[in-house]
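Dropping start_25.csv in here (CSV, C-alpha atoms and all ligand atoms):
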```
chain,number,residue,atom,x,y,z
B,29,MET,CA,154.7,183.7,-30.9
B,30,ALA,CA,156.9,181.2,-29.2
B,31,ASP,CA,159.3,180.3,-26.4
B,32,ILE,CA,162.8,179.2,-27.3
B,33,ILE,CA,164.7,176.7,-25.2
B,34,PHE,CA,168.5,176.0,-25.4
B,35,ASP,CA,168.8,172.7,-23.6
B,36,GLY,CA,172.4,171.8,-23.0
B,37,ILE,CA,173.4,173.3,-26.4
B,38,GLY,CA,177.0,173.1,-27.6
B,39,LYS,CA,178.6,174.3,-30.8
B,40,ARG,CA,181.9,173.2,-32.2
B,41,TYR,CA,183.0,174.7,-35.5
B,42,PRO,CA,184.4,172.3,-38.1
B,43,ASP,CA,187.9,173.5,-37.3
B,44,GLY,CA,187.4,172.2,-33.7
B,45,TYR,CA,186.8,175.5,-32.1
B,46,ALA,CA,184.2,175.3,-29.2
B,47,ALA,CA,182.2,178.5,-29.5
B,48,ILE,CA,179.4,177.6,-27.1
B,49,ALA,CA,179.5,175.2,-24.2
B,50,ASN,CA,176.5,173.5,-22.5
B,51,LEU,CA,174.1,176.4,-22.8
B,52,ASP,CA,170.8,176.2,-20.9
B,53,LEU,CA,168.6,179.2,-21.6
B,54,HIS,CA,164.8,179.5,-21.6
B,55,ILE,CA,163.6,182.5,-23.6
B,56,ARG,CA,160.0,183.1,-22.6
B,57,ASP,CA,157.1,183.7,-24.9
B,58,GLY,CA,156.8,187.4,-25.6
B,59,GLU,CA,160.0,188.2,-23.9
B,60,PHE,CA,162.7,190.7,-25.0
B,61,LEU,CA,165.9,188.9,-24.2
B,62,VAL,CA,169.3,190.5,-24.7
B,63,LEU,CA,172.4,188.4,-25.3
B,64,VAL,CA,175.5,190.4,-24.3
B,65,GLY,CA,179.2,189.8,-24.0
B,66,PRO,CA,182.5,190.8,-25.4
B,67,SER,CA,183.5,190.2,-29.0
B,68,GLY,CA,183.9,186.5,-29.8
B,69,CYS,CA,181.9,185.2,-26.8
B,70,GLY,CA,179.4,183.3,-29.1
B,71,LYS,CA,176.5,185.7,-29.3
B,72,SER,CA,176.0,185.5,-33.1
B,73,THR,CA,176.6,181.8,-33.1
B,74,ALA,CA,173.8,181.3,-30.5
B,75,LEU,CA,171.5,183.6,-32.6
B,76,ARG,CA,172.3,181.8,-35.9
B,77,MET,CA,171.5,178.5,-34.3
B,78,ILE,CA,168.0,179.7,-33.5
B,79,ALA,CA,167.6,180.8,-37.1
B,80,GLY,CA,168.8,177.5,-38.4
B,81,LEU,CA,171.9,179.1,-40.1
B,82,GLU,CA,174.3,177.1,-37.9
B,83,ASP,CA,174.4,173.4,-37.1
B,84,ILE,CA,174.0,172.4,-33.5
B,85,THR,CA,176.7,170.1,-32.1
B,86,ASP,CA,175.2,169.0,-28.8
B,87,GLY,CA,171.9,169.4,-27.0
B,88,ARG,CA,168.4,170.3,-28.1
B,89,LEU,CA,166.9,173.6,-29.4
B,90,ILE,CA,163.2,173.7,-28.7
B,91,ILE,CA,161.1,176.3,-30.5
B,92,ASP,CA,157.4,176.5,-29.5
B,93,GLY,CA,157.5,173.0,-28.0
B,94,VAL,CA,159.1,171.4,-31.0
B,95,VAL,CA,162.7,170.2,-31.2
B,96,ALA,CA,164.1,172.3,-34.0
B,97,ASN,CA,167.7,171.1,-34.4
B,98,ASN,CA,167.1,169.8,-37.9
B,99,LEU,CA,164.4,172.2,-39.1
B,100,ALA,CA,165.3,174.1,-42.2
B,101,PRO,CA,165.5,177.9,-41.7
B,102,ARG,CA,162.4,178.5,-43.8
B,103,ASP,CA,160.3,176.1,-41.7
B,104,ARG,CA,161.1,177.9,-38.4
B,105,ASP,CA,159.0,181.1,-39.1
B,106,ILE,CA,161.6,183.3,-37.5
B,107,ALA,CA,162.7,186.7,-38.8
B,108,MET,CA,166.2,187.9,-38.4
B,109,VAL,CA,167.6,191.4,-38.7
B,110,PHE,CA,171.3,191.5,-39.4
B,111,GLN,CA,173.9,194.1,-38.6
B,112,SER,CA,174.1,195.0,-42.3
B,113,TYR,CA,170.5,195.5,-43.3
B,114,ALA,CA,171.0,195.1,-47.1
B,115,LEU,CA,167.9,196.6,-48.7
B,116,TYR,CA,167.1,196.3,-52.4
B,117,PRO,CA,168.3,199.6,-53.8
B,118,HIS,CA,166.1,199.5,-56.8
B,119,LEU,CA,162.9,198.9,-54.8
B,120,ASN,CA,161.1,201.7,-52.9
B,121,VAL,CA,160.3,201.5,-49.2
B,122,GLU,CA,156.9,200.0,-49.8
B,123,GLU,CA,158.3,197.3,-52.1
B,124,ASN,CA,161.2,196.6,-49.7
B,125,ILE,CA,158.9,196.1,-46.7
B,126,GLY,CA,156.5,193.8,-48.7
B,127,PHE,CA,159.2,191.8,-50.5
B,128,GLY,CA,159.2,188.8,-48.3
B,129,LEU,CA,155.4,188.5,-48.3
B,130,ARG,CA,155.2,189.0,-52.1
B,131,VAL,CA,157.6,186.2,-52.9
B,132,ARG,CA,155.6,184.0,-50.7
B,133,GLY,CA,152.6,184.7,-52.8
B,134,ALA,CA,150.6,186.8,-50.4
B,135,ASP,CA,147.2,188.2,-51.6
B,136,LYS,CA,147.7,191.7,-53.0
B,137,GLN,CA,145.2,193.5,-50.8
B,138,VAL,CA,146.4,191.8,-47.7
B,139,LEU,CA,149.9,192.6,-48.6
B,140,ALA,CA,149.1,196.3,-49.2
B,141,LYS,CA,147.3,196.5,-45.9
B,142,LYS,CA,150.1,194.9,-43.9
B,143,VAL,CA,152.7,197.1,-45.5
B,144,ARG,CA,150.7,200.2,-44.7
B,145,GLU,CA,150.2,199.2,-41.1
B,146,THR,CA,153.9,198.3,-40.6
B,147,ALA,CA,155.0,201.6,-42.2
B,148,GLU,CA,152.7,203.5,-39.9
B,149,LEU,CA,154.1,201.7,-36.9
B,150,LEU,CA,157.6,202.6,-38.0
B,151,GLU,CA,156.7,206.2,-38.9
B,152,LEU,CA,157.6,205.5,-42.5
B,153,SER,CA,154.3,206.3,-44.2
B,154,GLU,CA,155.5,209.5,-45.8
B,155,HIS,CA,158.5,207.8,-47.3
B,156,LEU,CA,156.8,204.8,-49.0
B,157,LYS,CA,157.7,205.8,-52.5
B,158,ARG,CA,161.4,206.6,-51.8
B,159,LYS,CA,164.3,204.4,-52.6
B,160,PRO,CA,166.8,203.4,-49.9
B,161,GLY,CA,169.4,205.8,-51.4
B,162,GLN,CA,167.0,208.7,-50.5
B,163,LEU,CA,166.7,207.7,-46.9
B,164,SER,CA,168.7,208.5,-43.7
B,165,GLY,CA,170.5,205.7,-41.9
B,166,GLY,CA,167.9,205.5,-39.2
B,167,GLN,CA,165.1,205.4,-41.8
B,168,ARG,CA,166.9,202.6,-43.7
B,169,GLN,CA,167.2,200.7,-40.4
B,170,ARG,CA,163.5,201.0,-39.9
B,171,VAL,CA,162.8,199.7,-43.3
B,172,ALA,CA,164.9,196.6,-42.5
B,173,MET,CA,162.9,196.2,-39.3
B,174,GLY,CA,159.7,196.6,-41.3
B,175,ARG,CA,160.7,193.8,-43.6
B,176,ALA,CA,161.0,191.5,-40.6
B,177,LEU,CA,157.9,192.9,-38.8
B,178,VAL,CA,155.5,192.6,-41.7
B,179,ARG,CA,155.9,188.8,-41.6
B,180,ASP,CA,154.3,188.4,-38.2
B,181,PRO,CA,156.9,185.7,-37.2
B,182,LYS,CA,157.1,183.5,-34.2
B,183,ALA,CA,160.2,185.3,-33.0
B,184,PHE,CA,162.6,188.1,-34.0
B,185,LEU,CA,166.3,187.8,-33.9
B,186,MET,CA,168.5,190.9,-34.1
B,187,ASP,CA,172.2,190.9,-34.3
B,188,GLU,CA,173.7,194.3,-33.4
B,189,PRO,CA,171.1,196.0,-35.5
B,190,LEU,CA,172.1,199.5,-34.4
B,191,SER,CA,175.9,199.3,-34.8
B,192,ASN,CA,175.9,201.4,-38.0
B,193,LEU,CA,174.1,204.3,-36.5
B,194,ASP,CA,175.5,207.5,-34.8
B,195,ALA,CA,175.0,207.9,-31.1
B,196,ARG,CA,171.8,210.0,-31.3
B,197,LEU,CA,170.1,207.7,-33.7
B,198,ARG,CA,171.2,204.7,-31.7
B,199,GLY,CA,169.5,206.1,-28.7
B,200,GLN,CA,166.3,206.9,-30.7
B,201,MET,CA,166.2,203.4,-32.3
B,202,ARG,CA,166.8,201.7,-29.0
B,203,THR,CA,163.6,203.2,-27.5
B,204,GLU,CA,161.8,202.5,-30.8
B,205,ILE,CA,162.7,198.8,-31.0
B,206,ALA,CA,161.8,198.3,-27.3
B,207,ARG,CA,158.5,200.1,-27.8
B,208,LEU,CA,157.6,198.1,-30.9
B,209,GLN,CA,158.5,194.8,-29.2
B,210,LYS,CA,156.1,195.7,-26.3
B,211,LEU,CA,153.4,196.6,-28.8
B,212,THR,CA,153.7,193.5,-30.9
B,213,GLY,CA,154.6,191.1,-28.0
B,214,VAL,CA,156.7,189.0,-30.3
B,215,THR,CA,159.5,187.0,-28.6
B,216,THR,CA,162.7,188.8,-29.4
B,217,VAL,CA,166.4,187.8,-29.0
B,218,TYR,CA,168.7,190.8,-29.4
B,219,VAL,CA,172.4,190.5,-29.6
B,220,THR,CA,174.8,193.4,-28.6
B,221,HIS,CA,178.2,193.9,-27.0
B,222,ASP,CA,177.0,197.2,-25.7
B,223,GLN,CA,176.0,196.9,-22.0
B,224,VAL,CA,173.9,200.1,-22.2
B,225,GLU,CA,171.7,198.6,-24.9
B,226,ALA,CA,171.4,195.5,-22.8
B,227,MET,CA,170.4,197.3,-19.7
B,228,THR,CA,167.9,199.6,-21.3
B,229,MET,CA,166.2,197.2,-23.7
B,230,GLY,CA,166.1,193.8,-22.2
B,231,ASP,CA,163.4,192.3,-20.0
B,232,ARG,CA,166.2,190.0,-19.1
B,233,VAL,CA,169.8,189.9,-20.1
B,234,ALA,CA,172.0,186.9,-20.6
B,235,VAL,CA,175.7,187.7,-20.1
B,236,MET,CA,178.1,185.4,-22.0
B,237,ARG,CA,181.8,185.0,-21.8
B,238,HIS,CA,184.0,182.5,-23.8
B,239,GLY,CA,180.8,180.6,-24.9
B,240,VAL,CA,179.6,180.2,-21.3
B,241,LEU,CA,176.5,181.8,-19.9
B,242,GLN,CA,177.6,183.8,-16.8
B,243,GLN,CA,174.3,185.1,-15.5
B,244,LEU,CA,170.7,185.5,-16.7
B,245,ASP,CA,168.7,188.1,-14.9
B,246,THR,CA,166.8,191.4,-15.1
B,247,PRO,CA,169.0,194.4,-15.7
B,248,ARG,CA,168.4,195.6,-12.2
B,249,LYS,CA,169.5,192.3,-10.6
B,250,LEU,CA,172.6,192.2,-12.8
B,251,TYR,CA,173.5,195.7,-11.6
B,252,ASP,CA,172.7,195.1,-7.9
B,253,THR,CA,173.8,191.5,-7.5
B,254,PRO,CA,176.3,190.4,-10.2
B,255,ALA,CA,177.1,186.7,-9.8
B,256,ASN,CA,180.8,187.0,-10.4
B,257,LEU,CA,183.7,189.3,-11.1
B,258,PHE,CA,183.2,189.3,-14.8
B,259,VAL,CA,179.5,190.3,-14.8
B,260,ALA,CA,180.3,192.9,-12.1
B,261,GLY,CA,183.0,194.5,-14.4
B,262,PHE,CA,181.0,194.2,-17.6
B,263,ILE,CA,177.6,195.6,-16.5
B,264,GLY,CA,177.7,199.3,-15.5
B,265,ALA,CA,179.6,202.2,-16.9
B,266,PRO,CA,182.1,203.4,-16.0
B,267,SER,CA,183.0,199.9,-14.8
B,268,MET,CA,183.3,198.8,-11.2
B,269,ASN,CA,186.5,199.4,-9.2
B,270,PHE,CA,188.2,196.3,-7.9
B,271,MET,CA,190.7,196.0,-5.0
B,272,ALA,CA,192.1,193.2,-3.0
B,273,ALA,CA,191.2,193.1,0.7
B,274,ASP,CA,191.7,190.8,3.7
B,275,LEU,CA,188.8,189.9,6.0
B,276,VAL,CA,189.5,189.9,9.7
B,277,ALA,CA,187.1,189.1,12.6
B,278,VAL,CA,186.6,192.0,15.0
B,279,ASP,CA,184.2,192.9,17.8
B,280,GLY,CA,180.8,193.5,16.3
B,281,GLY,CA,181.5,192.1,12.9
B,282,ILE,CA,184.2,191.8,10.2
B,283,GLU,CA,186.8,194.3,9.2
B,284,ALA,CA,188.2,194.4,5.7
B,285,ARG,CA,191.7,195.8,5.4
B,286,LEU,CA,192.9,197.4,2.2
B,287,GLY,CA,196.4,198.6,3.1
B,288,SER,CA,195.8,201.3,5.8
B,289,PHE,CA,192.1,201.7,4.9
B,290,CYS,CA,189.5,199.6,6.7
B,291,PHE,CA,185.9,198.8,6.1
B,292,LEU,CA,183.5,197.4,8.7
B,293,PHE,CA,180.7,195.0,8.0
B,294,ASP,CA,178.5,195.1,11.1
B,295,ARG,CA,176.1,192.4,12.3
B,296,ASP,CA,173.3,193.8,10.1
B,297,ASP,CA,175.5,193.7,7.1
B,298,LEU,CA,176.5,190.1,7.9
B,299,ALA,CA,172.9,189.1,8.4
B,300,LEU,CA,172.3,190.1,4.8
B,301,ARG,CA,175.5,188.4,3.6
B,302,PRO,CA,176.2,185.4,5.8
B,303,GLY,CA,178.8,184.2,3.3
B,304,LEU,CA,181.2,186.9,4.5
B,305,SER,CA,181.5,185.2,7.9
B,306,ARG,CA,182.7,182.1,6.2
B,307,SER,CA,185.4,184.0,4.4
B,308,ILE,CA,187.2,185.4,7.5
B,309,GLY,CA,190.9,185.0,7.1
B,310,ASP,CA,190.6,185.0,3.3
B,311,ARG,CA,191.9,187.4,0.8
B,312,VAL,CA,188.8,188.7,-1.2
B,313,ILE,CA,188.2,191.1,-4.0
B,314,PHE,CA,186.2,194.2,-3.3
B,315,GLY,CA,184.1,195.8,-6.0
B,316,ILE,CA,182.8,199.3,-5.7
B,317,ARG,CA,180.8,201.1,-8.4
B,318,PRO,CA,182.1,204.6,-9.3
B,319,GLU,CA,178.7,206.1,-8.4
B,320,MET,CA,178.7,204.7,-4.9
B,321,PHE,CA,181.3,207.1,-3.3
B,322,THR,CA,180.3,210.1,-1.3
B,323,PRO,CA,182.9,212.9,-0.6
B,324,VAL,CA,183.2,213.6,3.1
B,325,GLU,CA,185.4,215.7,5.4
B,326,HIS,CA,188.7,214.0,6.1
B,327,SER,CA,188.8,212.7,9.7
B,328,GLY,CA,191.9,210.7,10.3
B,329,SER,CA,191.5,207.1,9.2
B,330,ALA,CA,187.7,206.7,9.7
B,331,ALA,CA,186.3,203.3,8.8
B,332,ASN,CA,184.5,203.0,5.4
B,333,THR,CA,186.5,205.8,3.9
B,334,VAL,CA,189.4,206.1,1.5
B,335,THR,CA,191.6,209.1,0.9
B,336,GLY,CA,193.6,209.7,-2.2
B,337,GLU,CA,194.9,212.3,-4.7
B,338,VAL,CA,192.8,213.4,-7.6
B,339,VAL,CA,194.9,212.6,-10.7
B,340,PHE,CA,192.5,214.0,-13.3
B,341,VAL,CA,188.9,214.9,-13.8
B,342,GLU,CA,186.7,214.3,-16.8
B,343,ASP,CA,183.9,216.8,-16.9
B,344,LEU,CA,180.8,215.2,-18.4
B,345,GLY,CA,178.5,218.1,-17.6
B,346,ALA,CA,176.0,216.5,-15.3
B,347,THR,CA,178.7,214.5,-13.6
B,348,LEU,CA,182.4,214.5,-13.1
B,349,LEU,CA,184.4,211.3,-13.5
B,350,ALA,CA,187.4,211.7,-11.1
B,351,HIS,CA,190.4,209.4,-11.2
B,352,ILE,CA,191.8,209.1,-7.8
B,353,ASP,CA,195.1,207.6,-6.7
B,354,ILE,CA,194.6,205.9,-3.4
B,355,GLY,CA,198.0,204.3,-3.5
B,356,SER,CA,199.9,207.5,-2.9
B,357,ALA,CA,198.8,207.2,0.7
B,358,ASP,CA,199.6,203.5,0.9
B,359,GLY,CA,202.1,201.6,-1.2
B,360,SER,CA,200.9,198.2,-0.2
B,361,LEU,CA,197.6,198.6,-2.0
B,362,ARG,CA,197.1,197.1,-5.4
B,363,GLU,CA,194.2,197.2,-7.8
B,364,ILE,CA,193.1,194.2,-9.7
B,365,GLY,CA,192.2,194.4,-13.4
B,366,HIS,CA,188.5,193.9,-14.1
B,367,ASP,CA,188.8,190.3,-15.3
B,368,GLY,CA,190.7,189.4,-12.2
B,369,GLU,CA,193.6,189.1,-14.5
B,370,GLY,CA,196.8,191.0,-14.2
B,371,ALA,CA,197.2,193.6,-11.5
B,372,LEU,CA,197.4,197.2,-12.5
B,373,SER,CA,200.3,199.1,-11.2
B,374,ALA,CA,198.5,202.2,-9.8
B,375,PRO,CA,195.6,201.6,-7.4
B,376,ARG,CA,193.3,204.1,-9.1
B,377,LEU,CA,189.6,204.6,-8.4
B,378,ARG,CA,187.1,205.9,-10.9
B,379,VAL,CA,184.6,208.0,-9.0
B,380,VAL,CA,181.5,209.7,-10.3
B,381,LEU,CA,180.9,213.0,-8.6
B,382,ASP,CA,178.3,215.7,-8.9
B,383,GLY,CA,178.9,218.0,-11.9
B,384,GLN,CA,178.7,221.1,-9.7
B,385,MET,CA,181.5,220.0,-7.4
B,386,HIS,CA,184.7,222.0,-7.5
B,387,ILE,CA,187.6,219.6,-7.6
B,388,ARG,CA,190.9,219.7,-9.3
B,389,ALA,CA,193.9,217.5,-10.1
B,390,GLY,CA,196.4,217.5,-7.3
B,391,GLU,CA,193.8,217.9,-4.5
B,392,THR,CA,193.3,215.3,-1.8
B,393,ILE,CA,189.8,213.9,-1.4
B,394,THR,CA,188.2,211.5,1.2
B,395,LEU,CA,185.3,209.3,0.0
B,396,ALA,CA,182.9,207.3,2.1
B,397,VAL,CA,181.2,204.0,0.9
B,398,LYS,CA,178.4,202.2,2.7
B,399,ALA,CA,179.3,198.6,3.5
B,400,GLY,CA,176.1,197.5,1.7
B,401,ASN,CA,177.4,199.0,-1.5
B,402,ILE,CA,180.5,197.0,-1.5
B,403,HIS,CA,180.5,193.8,-3.6
B,404,VAL,CA,182.7,191.1,-2.3
B,405,PHE,CA,184.1,188.2,-4.5
B,406,ASN,CA,186.1,185.1,-3.7
B,407,ALA,CA,189.6,185.7,-5.1
B,408,GLN,CA,189.9,182.1,-6.4
B,409,THR,CA,186.5,181.3,-7.8
B,410,GLU,CA,185.7,185.0,-8.6
B,411,ARG,CA,182.1,184.3,-7.5
B,412,ALA,CA,180.2,186.9,-5.4
B,413,ILE,CA,180.1,186.1,-1.7
B,414,ARG,CA,176.6,186.3,-0.4
B,415,ASP,CA,174.5,183.5,1.2
C,501,LIG,N1,183.0,179.4,-39.1
C,501,LIG,C1,183.8,179.5,-38.0
C,501,LIG,N2,184.8,178.6,-37.8
C,501,LIG,C2,185.5,178.6,-36.6
C,501,LIG,N3,185.3,179.4,-35.6
C,501,LIG,C3,184.3,180.3,-35.7
C,501,LIG,C4,183.5,180.4,-36.9
C,501,LIG,N4,182.6,181.4,-36.7
C,501,LIG,C5,182.9,181.9,-35.5
C,501,LIG,N5,183.9,181.3,-34.9
C,501,LIG,C6,184.5,181.6,-33.6
C,501,LIG,O1,183.5,181.4,-32.6
C,501,LIG,C7,183.6,182.3,-31.6
C,501,LIG,C8,182.2,183.0,-31.4
C,501,LIG,O2,181.9,183.7,-32.6
C,501,LIG,P1,180.6,184.7,-32.7
C,501,LIG,O3,180.5,185.2,-34.1
C,501,LIG,O4,179.5,183.9,-32.2
C,501,LIG,O5,181.0,185.8,-31.6
C,501,LIG,P2,180.2,187.1,-31.2
C,501,LIG,O6,180.0,187.0,-29.7
C,501,LIG,O7,179.0,187.3,-32.1
C,501,LIG,O8,181.3,188.3,-31.4
C,501,LIG,P3,181.2,189.8,-32.0
C,501,LIG,O9,180.7,190.6,-30.9
C,501,LIG,O10,182.6,190.1,-32.4
C,501,LIG,O11,180.2,189.7,-33.2
C,501,LIG,C9,184.6,183.3,-32.0
C,501,LIG,O12,185.8,183.0,-31.2
C,501,LIG,C10,184.9,183.0,-33.5
C,501,LIG,O13,186.2,183.2,-33.8
C,502,MG,MG,178.6,188.7,-33.6
```
As C-alpha cells, what does this structure read like?
Ligand SMILES: Nc1ncnc2c1ncn2[C@@H]1O[C@H](COP(=O)(O)OP(=O)(O)OP(=O)(O)O)[C@@H](O)[C@H]1O
Ligand SMILES: [Mg+2]
Amino acid sequence: MADIIFDGIGKRYPDGYAAIANLDLHIRDGEFLVLVGPSGCGKSTALRMIAGLEDITDGRLIIDGVVANNLAPRDRDIAMVFQSYALYPHLNVEENIGFGLRVRGADKQVLAKKVRETAELLELSEHLKRKPGQLSGGQRQRVAMGRALVRDPKAFLMDEPLSNLDARLRGQMRTEIARLQKLTGVTTVYVTHDQVEAMTMGDRVAVMRHGVLQQLDTPRKLYDTPANLFVAGFIGAPSMNFMAADLVAVDGGIEARLGSFCFLFDRDDLALRPGLSRSIGDRVIFGIRPEMFTPVEHSGSAANTVTGEVVFVEDLGATLLAHIDIGSADGSLREIGHDGEGALSAPRLRVVLDGQMHIRAGETITLAVKAGNIHVFNAQTERAIRD
C-alpha cells in the first residue's frame, strides 16, 4: 500500500498541448480518491502518469516515498483497470484472474489459493470454469477487477471501469467496488466523468477542469461549499441554478436584488459569510440548488421568495423536476449559464418538488429559499464569497 503525491506535475504532449498544469495532489495511503471532470480535462492523463504509461513533463511523482518519474511501469507495482477490460477469450475465469501471477512465475498452490479467495470476494466462485463469452457484462467486469485484485498491488488505478454497463449494473458495481476497496484498504484512484459516481464512491474527490485542479474535498464539502462556479455547477444533479444579483446595504444586513425579487442576508448570515459585506455594491452570481426551494403561499413580493410560471414538469416518481420561468414576471432578470459563460435567454429555474405535489404547466408558483442555502460567487473571479 502506498500514498501517491503529485508535486507540481505538468504534462505537455509532444504536439505542444498542455494537458495538465501544475498539479499538486496528495493521495493518502488507503484512500479512495476520485478524479472527476468533463471530457478532455486530463483525468486519464493523470492516471496514466501514475501507472508510468505517460511521460511527466514537469514536477515530481512520488509513490510510497520514492520519486517515480522515471520508474518503468512494471517496477511500480500498480494495477490498472481500463475502461475496456479485455479478457482472454480462450481462458476461463480462473485462468483469466490468475494470468498475471502465473506469468510472473507464482507458486502453483499459492496461485490457486489467491485466485479462489479473489473469486470468492467478487462472488465469482461458481463461474470459475466459464469463458468470458459465457458471462454477463457485470461478471466480466468483475473478472477484470479480479485480475487486478489478485496481485495485491500498492495501488489500484481505474479509468471509467463502469462505462460499458447498463444503469442497474453500474449502480451495483459502484457499491461493490467501494466495498471491496474498504475491505482491502488498497489506495485507489478512480477516474470518472460521472459526478454521481464521484459523490457516492470517493473518500475525497478531486474536481478537474482544463488540466487544472479546481477543488479537492469530501463529497459533502464539495456539495455544501463549492469553491467556485464550475465546481458548483458540476457537482449535484440536476445542476445548480445561477442568476446575477446586485448586493445593496440595508438596515440589518445586505439585500440582494434580482430584478424585482429580493433576498435578505441578515446579521447572522453575514457573521457566517463575512465576505459578503466586502462585496456590497458588486454584481454577484447567485447559485441555488434545485432541491433548496420550498413552495409557499404567494404574499406580494415577500423577501427570499421568487414567483414564476411553471413551464413544464418532469415526473420522476419520488420527485418532480419543475422548470419555472421567473422572467415572465420580470424582464430585467437574466440567468447565467453554468460555466459563467454565455447568458441564457430565458431565466428558468430547475426546481425539485415532492412527487406528490399537484402542479401543472401554466400555473404560477411562489418558492422560498433560506439565505443560508444561497451560494454567492464573485462575478469576475467566479470564486465563492465566504470568509
Ligand atoms: N497523445 C496526445 N497528444 C496530444 N494531446 C493529447 C494526447 N492524449 C490526450 N491529449 C489531450 O489531452 C487532454 C486530456 O486528455 P485525457 O485523455 O487525459 O482527458 P480525460 O479527462 O480522460 O477525458 P475523457 O473523459 O474524454 O476520457 C485532451 O484535451 C486530449 O485531447
Ligand atoms: Mg479519459
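Residue neighbourhood of stretch 234-245 of chain B, excluding near-sequence residues (fewer than 2 positions): Ala47, Ile48, Ala49, Leu51, Val62, Leu63, Val64, Gly65, Pro66, Cys69, Gly70, Arg232, Pro247, Lys249, Leu250 and Ala255 of chain B, at 7 Å, using only C-alpha atoms.
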Proximity check chain B to ligand MG 502 (chain C), 9 Å, nearest pairs one decimal Å, only C-alpha atoms and all ligand atoms, as JSON lines:
```
{"residue": "B:Ser67", "atom": "CA", "partner": "C:MG502", "partner_atom": "MG", "distance": 6.9}
{"residue": "B:Gly68", "atom": "CA", "partner": "C:MG502", "partner_atom": "MG", "distance": 6.9}
{"residue": "B:Cys69", "atom": "CA", "partner": "C:MG502", "partner_atom": "MG", "distance": 8.3}
{"residue": "B:Gly70", "atom": "CA", "partner": "C:MG502", "partner_atom": "MG", "distance": 7.1}
{"residue": "B:Lys71", "atom": "CA", "partner": "C:MG502", "partner_atom": "MG", "distance": 5.6}
{"residue": "B:Ser72", "atom": "CA", "partner": "C:MG502", "partner_atom": "MG", "distance": 4.2}
{"residue": "B:Thr73", "atom": "CA", "partner": "C:MG502", "partner_atom": "MG", "distance": 7.2}
{"residue": "B:Leu75", "atom": "CA", "partner": "C:MG502", "partner_atom": "MG", "distance": 8.8}
{"residue": "B:Gln111", "atom": "CA", "partner": "C:MG502", "partner_atom": "MG", "distance": 8.7}
{"residue": "B:Asp187", "atom": "CA", "partner": "C:MG502", "partner_atom": "MG", "distance": 6.8}
{"residue": "B:Glu188", "atom": "CA", "partner": "C:MG502", "partner_atom": "MG", "distance": 7.4}
{"residue": "B:Val219", "atom": "CA", "partner": "C:MG502", "partner_atom": "MG", "distance": 7.6}
{"residue": "B:Thr220", "atom": "CA", "partner": "C:MG502", "partner_atom": "MG", "distance": 7.8}
{"residue": "B:His221", "atom": "CA", "partner": "C:MG502", "partner_atom": "MG", "distance": 8.4}
```
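Picture a line from atom CA of B:Gln200 to atom CA of B:Ala172; it runs 15.7 Å.
A distance cut-off of 9 Å around (161.0, 178.4, -30.5), counting all atoms listed in the file, selects these protein and nucleic acid residues: Met29, Ala30, Asp31, Ile32, Ile33, Ile55, Asp57, Ile78, Leu89, Ile90, Ile91, Asp92, Gly93, Val94, Val95, Ala96, Arg104, Ile106, Lys182, Ala183 and Thr215 of chain B.
Interatomic distance, atom CA of B:Glu123 against atom CA of B:Leu149: 16.4 Å.
Atom to atom, atom CA of B:Thr333 and atom CA of B:Ala396 stand 4.3 Å apart.
Distance check against ligand LIG 501 (chain C) using all atoms listed in the file: of B:Asp222, B:Asp35, B:Glu145, B:Asp180, the minimum falls on B:Asp222.
For stretch 261-276 of chain B, the residues within 6 Å (counting only C-alpha atoms, excluding itself and residues fewer than 6 positions away along the chain) are B:Gln223, B:Ile282, B:Glu283, B:Ala284, B:Arg285, B:Leu286, B:Ile308, B:Gly309, B:Asp310, B:Arg311, B:Val312, B:Ile313, B:Phe314, B:Gly315, B:Ile316, B:Arg317, B:Glu363, B:Ile364, B:His366.
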Exercise. Looking at all atoms listed in the file, which of B:Ser191, B:Asn406, B:Gln209, B:Ser329 is the one that sits closest to B:Leu150?
Worked result: B:Gln209
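Near (188.1, 181.1, -4.1), the residues that fall inside 12 Å on the basis of all atoms listed in the file are Asn256, Leu257, Arg306, Ser307, Asp310, Arg311, Val312, Ile313, Gly368, Val404, Phe405, Asn406, Ala407, Gln408, Thr409, Glu410, Arg411, Ala412 and Ile413 of chain B.
Counting only C-alpha atoms and comparing B:Ile84, B:Arg56, B:Leu377, B:Leu211, the residue that lies closest to B:Asn98 is B:Ile84.
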Problem set entry | Selected residue, from B:Phe127, B:Phe34, B:Phe184, B:Tyr218, that lies nearest to ligand LIG 501 (chain C) when counting all atoms listed in the file | B:Tyr218
Using only the atoms of stretch 79-83 of chain B listed in the file, plus 6 Å on each side, state the axis-aligned box centre and edge lengths in Å rounded to one decimal, as AutoDock Vina command-line options.
```
--center_x 171.0 --center_y 177.1 --center_z -38.6 --size_x 18.8 --size_y 19.4 --size_z 15.0
```
